[in-house]
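Data file: protein07.txt. Format and content: compact mmCIF, C-alpha atoms and all ligand atoms.
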```
# COMPACT_ATOMS: atom_id res chain seq x y z
CA MET S 1074 120.88 146.31 176.35
CA THR S 1075 119.89 148.74 173.62
CA THR S 1076 118.00 147.32 170.64
CA VAL S 1077 119.05 150.03 168.17
CA ARG S 1078 119.75 148.51 164.75
CA PRO S 1079 121.59 151.07 162.69
CA ASP S 1080 121.62 150.89 158.92
CA PRO S 1081 123.04 149.41 156.73
CA VAL S 1082 123.45 146.35 158.95
CA SER S 1083 119.70 146.23 159.63
CA ALA S 1084 119.03 146.38 155.87
CA ALA S 1085 121.42 143.48 155.29
CA LEU S 1086 119.87 141.43 158.08
CA ALA S 1087 116.35 142.15 156.84
CA ALA S 1088 117.31 140.36 153.63
CA PHE S 1089 118.92 137.46 155.52
CA SER S 1090 116.73 134.50 156.41
CA PRO S 1091 118.96 131.59 157.44
CA ALA S 1092 117.71 128.18 158.51
CA LEU S 1093 117.75 128.20 162.33
CA PRO S 1094 119.52 127.51 164.64
CA LEU S 1095 122.27 129.71 163.22
CA ALA S 1096 125.91 129.61 164.29
CA ILE S 1097 128.14 132.69 163.95
CA GLY S 1098 131.87 132.32 163.43
CA CYS S 1099 133.28 134.72 166.04
CA SER S 1100 136.88 135.82 166.04
CA GLY S 1101 136.44 138.41 168.78
CA GLY S 1102 137.03 141.22 166.24
CA ALA S 1103 134.58 144.05 165.55
CA ASP S 1104 132.87 142.49 162.53
CA SER S 1105 131.87 139.15 163.94
CA THR S 1106 131.04 140.66 167.32
CA ALA S 1107 128.63 143.05 165.57
CA LEU S 1108 127.08 140.23 163.53
CA LEU S 1109 126.66 138.12 166.64
CA ALA S 1110 124.98 140.92 168.59
CA ALA S 1111 122.65 141.78 165.71
CA CYS S 1112 121.66 138.13 165.07
CA ALA S 1113 121.22 137.33 168.77
CA SER S 1114 118.85 140.28 169.03
CA ARG S 1115 116.95 139.26 165.90
CA TRP S 1116 116.67 135.51 166.71
CA PRO S 1117 116.80 135.14 170.52
CA LYS S 1118 117.73 131.60 171.71
CA GLN S 1119 118.31 130.51 168.11
CA VAL S 1120 121.87 131.71 167.74
CA ARG S 1121 125.14 130.03 168.80
CA ALA S 1122 128.70 131.26 168.58
CA VAL S 1123 131.75 129.29 167.53
CA HIS S 1124 135.33 130.48 168.07
CA VAL S 1125 138.38 128.84 166.55
CA HIS S 1126 141.36 129.16 168.87
CA HIS S 1127 144.46 129.10 166.66
CA GLY S 1128 146.86 129.45 169.56
CA LEU S 1129 149.31 131.25 167.30
CA GLN S 1130 149.38 134.80 168.65
CA ALA S 1131 149.87 136.01 172.17
CA ALA S 1132 146.51 137.76 171.70
CA ALA S 1133 144.67 134.43 171.19
CA GLU S 1134 143.63 134.26 174.85
CA ASP S 1135 142.28 137.84 174.66
CA PHE S 1136 140.14 136.90 171.66
CA LEU S 1137 138.76 133.88 173.49
CA ARG S 1138 138.10 135.81 176.70
CA HIS S 1139 136.32 138.53 174.76
CA CYS S 1140 134.13 136.02 172.89
CA GLN S 1141 133.17 134.39 176.19
CA GLU S 1142 132.28 137.75 177.78
CA VAL S 1143 130.17 138.85 174.81
CA CYS S 1144 128.38 135.51 174.63
CA ASP S 1145 127.64 135.54 178.37
CA ARG S 1146 126.27 139.03 178.00
CA LEU S 1147 124.10 138.15 174.98
CA ASP S 1148 123.05 134.80 176.47
CA VAL S 1149 124.48 132.89 173.51
CA PRO S 1150 126.19 129.49 173.95
CA LEU S 1151 129.82 129.49 172.79
CA THR S 1152 131.76 126.54 171.39
CA VAL S 1153 135.56 126.81 171.29
CA LEU S 1154 137.45 124.76 168.71
CA ARG S 1155 141.18 124.41 169.34
CA VAL S 1156 143.24 123.80 166.21
CA ASP S 1157 146.87 123.31 165.31
CA ALA S 1158 147.32 126.04 162.72
CA ARG S 1159 151.11 125.86 162.30
CA ALA S 1160 152.14 126.36 158.68
CA ALA S 1161 153.73 123.50 156.72
CA PRO S 1162 157.09 124.28 155.07
CA GLY S 1163 156.46 126.67 152.16
CA GLU S 1164 152.93 127.53 153.33
CA SER S 1165 152.07 131.08 154.46
CA PRO S 1166 150.98 131.43 158.11
CA GLU S 1167 147.74 133.14 157.01
CA ASP S 1168 146.87 130.33 154.59
CA ALA S 1169 147.57 127.69 157.21
CA ALA S 1170 145.41 129.50 159.78
CA ARG S 1171 142.59 130.00 157.26
CA LYS S 1172 142.62 126.35 156.21
CA ALA S 1173 142.69 125.09 159.80
CA ARG S 1174 139.84 127.46 160.65
CA TYR S 1175 137.59 126.42 157.75
CA ASP S 1176 138.29 122.72 158.38
CA ALA S 1177 137.36 123.13 162.05
CA LEU S 1178 134.21 125.14 161.22
CA ASP S 1179 133.19 122.51 158.64
CA ALA S 1180 133.60 119.69 161.15
CA TYR S 1181 131.65 121.68 163.75
CA ALA S 1182 128.81 122.39 161.29
CA ARG S 1183 128.69 118.78 160.07
CA ALA S 1184 128.34 117.67 163.69
CA GLY S 1185 125.34 120.00 164.07
CA GLY S 1186 127.32 122.28 166.38
CA GLY S 1187 127.51 119.47 168.94
CA ASP S 1188 123.81 119.71 169.78
CA ALA S 1189 122.02 116.53 168.70
CA ALA S 1190 118.65 117.77 169.95
CA ARG S 1191 118.73 121.06 167.98
CA PRO S 1192 121.54 120.80 165.43
CA VAL S 1193 122.88 123.96 163.84
CA ARG S 1194 121.50 124.37 160.30
CA SER S 1195 123.45 127.37 159.08
CA LEU S 1196 126.72 129.11 159.78
CA ALA S 1197 127.40 132.80 159.08
CA LEU S 1198 130.69 134.65 158.72
CA ALA S 1199 131.08 138.41 159.06
CA HIS S 1200 133.07 139.24 155.93
CA HIS S 1201 131.97 142.67 154.72
CA ALA S 1202 132.17 144.94 151.66
CA ASP S 1203 135.73 146.13 152.40
CA ASP S 1204 136.88 142.50 152.75
CA GLN S 1205 135.26 141.76 149.39
CA VAL S 1206 137.06 144.65 147.69
CA GLU S 1207 140.36 143.55 149.26
CA THR S 1208 139.78 140.01 147.99
CA LEU S 1209 139.09 141.30 144.49
CA LEU S 1210 142.20 143.53 144.50
CA LEU S 1211 144.32 140.64 145.80
CA ALA S 1212 143.00 138.49 142.94
CA LEU S 1213 143.89 141.22 140.42
CA SER S 1214 147.36 141.56 141.95
CA ARG S 1215 147.96 137.83 141.35
CA GLY S 1216 146.67 138.01 137.78
CA ALA S 1217 143.77 135.71 138.69
CA GLY S 1218 141.17 134.51 136.20
CA LEU S 1219 137.41 134.81 136.52
CA ALA S 1220 137.21 132.37 139.43
CA GLY S 1221 139.48 134.62 141.53
CA LEU S 1222 137.77 137.80 140.32
CA SER S 1223 134.44 136.36 141.52
CA ALA S 1224 135.80 137.05 145.05
CA MET S 1225 133.83 135.56 147.96
CA PRO S 1226 130.41 133.96 147.48
CA ALA S 1227 127.57 135.20 149.70
CA ARG S 1228 126.30 131.66 150.28
CA TRP S 1229 127.11 128.04 149.61
CA GLN S 1230 126.20 124.60 150.90
CA ARG S 1231 128.37 121.81 152.22
CA GLY S 1232 127.52 118.70 154.18
CA GLY S 1233 123.85 119.67 154.48
CA ILE S 1234 124.71 123.02 156.10
CA ASP S 1235 124.10 126.47 154.59
CA TYR S 1236 127.01 128.87 154.88
CA HIS S 1237 126.32 132.62 154.64
CA ARG S 1238 128.17 135.89 154.38
CA PRO S 1239 125.22 138.23 154.93
CA LEU S 1240 127.32 141.40 155.29
CA LEU S 1241 129.14 141.48 151.96
CA GLY S 1242 127.28 144.68 151.04
CA VAL S 1243 128.01 146.45 154.34
CA PRO S 1244 131.07 148.74 154.73
CA GLY S 1245 133.43 147.78 157.57
CA ALA S 1246 132.88 151.14 159.30
CA ALA S 1247 129.14 150.38 159.61
CA LEU S 1248 129.93 147.19 161.53
CA ARG S 1249 132.02 149.05 164.06
CA ALA S 1250 129.15 151.51 164.47
CA CYS S 1251 126.78 148.58 164.88
CA ALA S 1252 128.93 146.95 167.60
CA LEU S 1253 129.07 150.29 169.43
CA ALA S 1254 125.30 150.71 169.12
CA TYR S 1255 124.80 147.29 170.74
CA GLY S 1256 127.22 148.29 173.47
CA VAL S 1257 129.64 145.46 172.75
CA GLY S 1258 133.38 146.01 172.37
CA TRP S 1259 135.90 144.00 170.39
CA VAL S 1260 139.56 143.06 170.33
CA GLU S 1261 141.80 144.60 167.67
CA ASP S 1262 143.89 141.98 165.92
CA PRO S 1263 147.45 143.35 166.25
CA SER S 1264 148.45 141.68 162.96
CA ASN S 1265 145.89 143.82 161.07
CA ALA S 1266 148.27 146.78 161.33
CA ASP S 1267 151.22 144.85 159.90
CA GLU S 1268 151.79 146.22 156.40
CA ARG S 1269 154.06 143.33 155.47
CA TYR S 1270 150.78 141.58 154.63
CA THR S 1271 149.42 142.61 151.23
CA ARG S 1272 145.82 142.63 152.49
CA ASN S 1273 146.74 145.11 155.20
CA ARG S 1274 148.55 147.36 152.71
CA ILE S 1275 145.46 147.32 150.51
CA ARG S 1276 143.27 148.25 153.48
CA ALA S 1277 145.55 151.00 154.76
CA ARG S 1278 146.61 152.58 151.47
CA LEU S 1279 144.35 151.61 148.58
CA LEU S 1280 140.88 151.74 150.14
CA PRO S 1281 141.21 155.40 151.24
CA ALA S 1282 142.46 156.32 147.74
CA LEU S 1283 139.55 154.44 146.14
CA GLU S 1284 137.12 156.10 148.52
CA ALA S 1285 138.40 159.50 147.37
CA ALA S 1286 138.42 158.67 143.65
CA PHE S 1287 135.32 156.46 143.35
CA PRO S 1288 133.00 156.89 146.36
CA GLN S 1289 130.76 154.05 145.06
CA PHE S 1290 133.62 151.60 144.67
CA ARG S 1291 132.27 149.02 147.13
CA THR S 1292 129.03 148.68 145.19
CA THR S 1293 130.55 148.80 141.72
CA PHE S 1294 133.41 146.42 142.53
CA ALA S 1295 130.90 144.00 144.08
CA ARG S 1296 128.86 144.20 140.89
CA SER S 1297 131.92 143.33 138.81
CA ALA S 1298 132.66 140.38 141.11
CA ALA S 1299 129.05 139.20 140.70
CA HIS S 1300 129.36 139.44 136.89
CA ALA S 1301 132.58 137.42 137.07
CA ALA S 1302 130.92 134.80 139.29
CA GLN S 1303 128.03 134.42 136.86
CA ALA S 1304 130.37 134.08 133.88
CA GLN S 1305 132.46 131.57 135.82
CA GLU S 1306 129.35 129.44 136.38
CA VAL S 1307 128.81 129.27 132.63
CA LEU S 1308 132.48 128.40 132.06
CA ASP S 1309 132.22 125.61 134.65
CA GLU S 1310 129.25 124.18 132.77
CA VAL S 1311 131.09 124.35 129.45
CA ALA S 1312 134.21 122.74 130.95
CA ALA S 1313 132.15 119.94 132.53
CA ALA S 1314 130.42 119.17 129.21
CA ASP S 1315 133.74 119.32 127.30
CA LEU S 1316 135.46 117.02 129.81
CA ALA S 1317 132.64 114.49 129.40
CA ALA S 1318 133.12 114.74 125.60
CA VAL S 1319 136.95 114.45 125.49
CA GLY S 1320 136.89 111.73 128.16
CA VAL S 1321 139.11 110.89 131.13
CA PRO S 1322 141.93 110.48 130.30
CA PRO S 1323 141.42 113.12 127.58
CA ALA S 1324 141.68 112.03 123.95
CA ILE S 1325 144.19 114.18 122.06
CA VAL S 1326 142.17 114.31 118.83
CA ALA S 1327 139.10 115.49 120.75
CA LEU S 1328 141.17 118.16 122.51
CA GLN S 1329 142.51 119.37 119.15
CA ALA S 1330 138.96 119.91 117.92
CA LEU S 1331 138.27 122.49 120.65
CA SER S 1332 139.00 126.22 120.46
CA ALA S 1333 142.09 127.29 122.43
CA GLY S 1334 139.95 128.83 125.20
CA ARG S 1335 137.79 125.75 125.67
CA GLN S 1336 140.81 123.49 125.48
CA ALA S 1337 142.49 125.48 128.29
CA LEU S 1338 139.31 125.26 130.38
CA VAL S 1339 138.92 121.54 129.97
CA LEU S 1340 142.61 120.84 130.67
CA ARG S 1341 142.46 122.89 133.86
CA ARG S 1342 139.31 121.09 134.95
CA TRP S 1343 140.79 117.65 134.21
CA LEU S 1344 143.97 118.42 136.13
CA ARG S 1345 142.18 119.99 139.09
CA GLN S 1346 139.21 117.64 139.44
CA VAL S 1347 140.81 114.34 138.55
CA HIS S 1348 144.37 114.92 139.75
CA GLY S 1349 144.03 117.72 142.32
CA THR S 1350 146.70 119.89 140.69
CA THR S 1351 146.70 123.33 139.07
CA PRO S 1352 148.90 124.24 136.10
CA ASP S 1353 150.43 127.70 135.97
CA ALA S 1354 149.81 129.87 132.89
CA ALA S 1355 153.17 129.05 131.24
CA GLN S 1356 152.71 125.28 131.76
CA LEU S 1357 149.24 125.36 130.29
CA GLN S 1358 150.43 127.33 127.27
CA GLN S 1359 153.26 124.87 126.69
CA LEU S 1360 150.90 121.89 127.02
CA GLN S 1361 148.52 123.44 124.50
CA ARG S 1362 151.39 124.01 122.07
CA GLN S 1363 152.36 120.36 122.40
CA ILE S 1364 148.78 119.19 121.86
CA ALA S 1365 148.60 121.28 118.67
CA ALA S 1366 151.91 119.82 117.47
CA CYS S 1367 150.84 116.25 118.21
CA THR S 1368 150.02 115.22 114.66
CA THR S 1369 152.33 112.21 114.18
CA ARG S 1370 152.46 108.83 115.94
CA GLY S 1371 155.95 109.51 117.20
CA HIS S 1372 155.28 112.93 118.80
CA ARG S 1373 156.21 112.66 122.45
CA ILE S 1374 154.71 114.81 125.22
CA HIS S 1375 156.47 114.92 128.58
CA LEU S 1376 155.89 118.17 130.44
CA LYS S 1377 156.06 119.39 134.02
CA VAL S 1378 152.49 120.45 134.85
CA GLY S 1379 151.30 121.41 138.33
CA SER S 1380 152.79 119.05 140.91
CA GLY S 1381 153.54 116.32 138.35
CA PHE S 1382 153.95 115.55 134.65
CA VAL S 1383 151.68 115.21 131.62
CA LEU S 1384 152.66 112.44 129.23
CA ARG S 1385 151.31 111.33 125.89
CA GLU S 1386 150.13 107.71 126.05
CA GLN S 1387 149.14 106.78 122.50
CA GLY S 1388 145.90 108.66 121.79
CA VAL S 1389 145.38 110.16 125.26
CA LEU S 1390 147.10 112.32 127.87
CA GLY S 1391 148.15 110.88 131.22
CA TRP S 1392 149.16 112.76 134.36
CA TYR S 1393 151.61 111.39 136.92
CA ASN S 1394 152.77 112.57 140.27
CA SER S 1395 156.48 113.37 140.14
CA GLY S 1396 157.18 110.33 142.39
CA VAL S 1397 155.31 107.73 140.32
CA LEU S 1398 156.30 108.34 136.71
CA PRO S 1399 155.91 105.27 134.48
CA PRO S 1400 159.10 103.92 132.86
CA ALA S 1401 160.07 105.78 129.65
CA SER S 1402 158.72 103.97 126.58
N1 LIG R 1501 139.07 132.50 165.01
C1 LIG R 1501 137.88 132.53 164.43
N2 LIG R 1501 136.88 131.78 164.91
C2 LIG R 1501 135.65 131.78 164.31
N3 LIG R 1501 135.35 132.53 163.24
C3 LIG R 1501 136.32 133.29 162.72
C4 LIG R 1501 137.63 133.33 163.28
N4 LIG R 1501 138.37 134.19 162.54
C5 LIG R 1501 137.58 134.65 161.57
N5 LIG R 1501 136.33 134.14 161.68
C6 LIG R 1501 135.15 134.43 160.82
O1 LIG R 1501 135.59 134.77 159.53
C7 LIG R 1501 135.28 136.15 159.25
C8 LIG R 1501 136.39 136.78 158.46
O2 LIG R 1501 137.57 136.65 159.16
P1 LIG R 1501 138.77 137.63 158.91
O3 LIG R 1501 139.87 137.23 159.82
O4 LIG R 1501 138.99 137.70 157.46
O5 LIG R 1501 138.11 139.02 159.28
P2 LIG R 1501 138.28 139.99 160.49
O6 LIG R 1501 138.43 141.35 159.92
O7 LIG R 1501 139.31 139.51 161.45
O8 LIG R 1501 136.80 139.87 161.13
P3 LIG R 1501 136.45 140.16 162.62
O9 LIG R 1501 136.45 141.66 162.76
O10 LIG R 1501 135.16 139.52 162.90
O11 LIG R 1501 137.59 139.52 163.36
C9 LIG R 1501 135.10 136.77 160.64
O12 LIG R 1501 134.31 137.94 160.57
C10 LIG R 1501 134.42 135.66 161.38
O13 LIG R 1501 133.04 135.53 161.06
```
Entire entry expressed as structure tokens:
Amino acid sequence: MTTVRPDPVSAALAAFSPALPLAIGCSGGADSTALLAACASRWPKQVRAVHVHHGLQAAAEDFLRHCQEVCDRLDVPLTVLRVDARAAPGESPEDAARKARYDALDAYARAGGGDAARPVRSLALAHHADDQVETLLLALSRGAGLAGLSAMPARWQRGGIDYHRPLLGVPGAALRACALAYGVGWVEDPSNADERYTRNRIRARLLPALEAAFPQFRTTFARSAAHAAQAQEVLDEVAAADLAAVGVPPAIVALQALSAGRQALVLRRWLRQVHGTTPDAAQLQQLQRQIAACTTRGHRIHLKVGSGFVLREQGVLGWYNSGVLPPAS
């Protein structure tokens, strides 16, 4: 096997020093196959592969077969996780598949990759610079706030495992070149060509236009996402401190003392962290109007917010699931 390591993948891997053993999430596509080949060459005997079998597409068996062939060739052990990725009513098939995949990968990582003697310590995914731009454009298309505009983080920790996306600075085309240089093929996901999916339309139509208009767009968009992520960190800190100050459940007088922006932040945090629900922009605006108007004992608040209702309960706000509303007072 050739040991050529073409740039910019080699540059990205030179800056990548995961705790070993390292597992690579392998779909059988070009990106993760390239990452697997490059990591297996860099850390022989220290790399594992994990493939989530969604069983949704006819091509699922091709993906699995390809992963097995590549792993045999690279002398990398492969773990296959079979999941039920059928979408719940109202859920998009892609979201259901993504959630099932991340849940399965989390469970695999928490279990040390099934190797008690040498448990996996990190897990890497092959998202690249084009994926990052697509994620940012998708966030803009939804009118997302800073959290969405932060796009995908390059690393995070969960359950004692480090997760990495070491290729976020590498264009997709470089990964295909890398896979070819290592002499490994890949399976094309037939759904990638389906322009009914917004992400695929962005890839097929917008990225070439951006390439022509702003050749540096991958780098500059990534910089904007990094600025957004840093600002979001500060906002999270402010929201956490404000939530501690207004209390849980939040005191209305304390909420009224905050600026509109901080009040919105703290309400979102309260609803998400304590009640696991997210208000839409119109609901939040309406709730803030009601909080401002709440200057008399008799002012009633009863608003649909997220998956339930916000009610005034004397000096504080309460949130109830639609099914368990308290009796009207
Ligand atoms: N079925 C899977 N099993 C394990 N890991 C996966 C699977 N699907 C995706 N991943 C991981 O998540 C990354 C991003 O997945 P996504 O489907 O967004 O990209 P992709 O363009 O299909 O990537 P690839 O070319 O590697 O298939 C993949 O590169 C891979 O590391």
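As for CA of Arg1115 (chain S) and CA of Leu1095 (chain S), they are spaced 11.3 Å apart.
A distance cut-off of 7 Å from ligand LIG 1501 (chain R), applied to only C-alpha atoms and all ligand atoms, picks out the residues Ile1097, Gly1098, Cys1099, Ser1100, Gly1101, Gly1102, Ala1103, Asp1104, Ser1105, Thr1106, Val1123, His1124, Val1125, His1126, His1127, Arg1174, Ala1197, Leu1198, Ala1199, His1200 and Asp1262 of chain S.
Counting all atoms listed in the file, the residue from S:Ala1173, S:Ala1365, S:Ala1314, S:Gly1349 that sits nearest to Ala1333 (chain S) is S:Ala1365.
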**Study point:** Exercise: region 1286-1289 of chain S partners within 12 Å, all atoms listed in the file, chain neighbours under 3 positions left out, as a ChimeraX atom specification
**Key:** /S:1202-1203,1206,1242,1244,1279-1283,1292-1296
Exercise for review: May I ask for the distance between CA of Asp1148 (chain S) and CA of Ser1195 (chain S), given in Å to one decimal place?
Suggested key: 18.9 Å
Check your understanding: Counting only C-alpha atoms, what is within 12 Å of Pro1166 (chain S), bar same-chain residues fewer than 6 positions away, as a ChimeraX atom specification?
Key -> /S:1127,1129-1130,1157-1160,1172-1173,1264,1270
Practice item. Quick one: pull the distance between CA of Gly1185 (chain S) and CA of Pro1091 (chain S), Å, one decimal. Key: 14.8 Å
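Across S:Thr1350, S:Gln1305, S:Gln1361, S:Gln1356, the tightest approach to Leu1328 (chain S) is made by S:Gln1361 when counting all atoms listed in the file.
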Check your understanding: Can you tell me, as a PyMOL selection string, what residues are no more than 12 Å from Asp1309 (chain S) when counting only C-alpha atoms, ignoring any on the same chain fewer than 4 positions away?
Key -> chain S and resi 1219-1220+1302-1305+1313-1316+1335+1338-1339+1341-1343+1346
Check your understanding: Which residues, written as a ChimeraX atom specification, have at least one atom at most 9 Å from Val1326 (chain S), with all atoms listed in the file counted and residues fewer than 6 positions away on the same chain left out?
Key -> /S:1319,1364,1367-1368,1388-1389
Write out as AutoDock Vina command-line options an axis-aligned box for region 1097-1114 of chain S: all of its atoms listed in the file, 5 Å added on each side, centre and edge lengths in Å with one decimal.
```
--center_x 127.9 --center_y 138.2 --center_z 165.8 --size_x 28.2 --size_y 21.7 --size_z 16.5
```
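The shortest atom-to-atom distance to Arg1238 (chain S), with all atoms listed in the file taken into account, belongs to S:His1201 out of S:Arg1362, S:Arg1278, S:Arg1269, S:His1201.
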Practice item. Show which residues sit within 10 Å of Phe1089 (chain S), as a list in words. Count only C-alpha atoms, and ignore same-chain residues fewer than 6 positions away. Key: Ser1083, Cys1112, His1237, Arg1238, Pro1239 and Leu1240 of chain S
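The smallest atom-to-atom distance between Leu1241 (chain S) and any of S:Gln1119, S:Trp1392, S:Ala1161, S:Ala1084, using all atoms listed in the file, is found for S:Ala1084.
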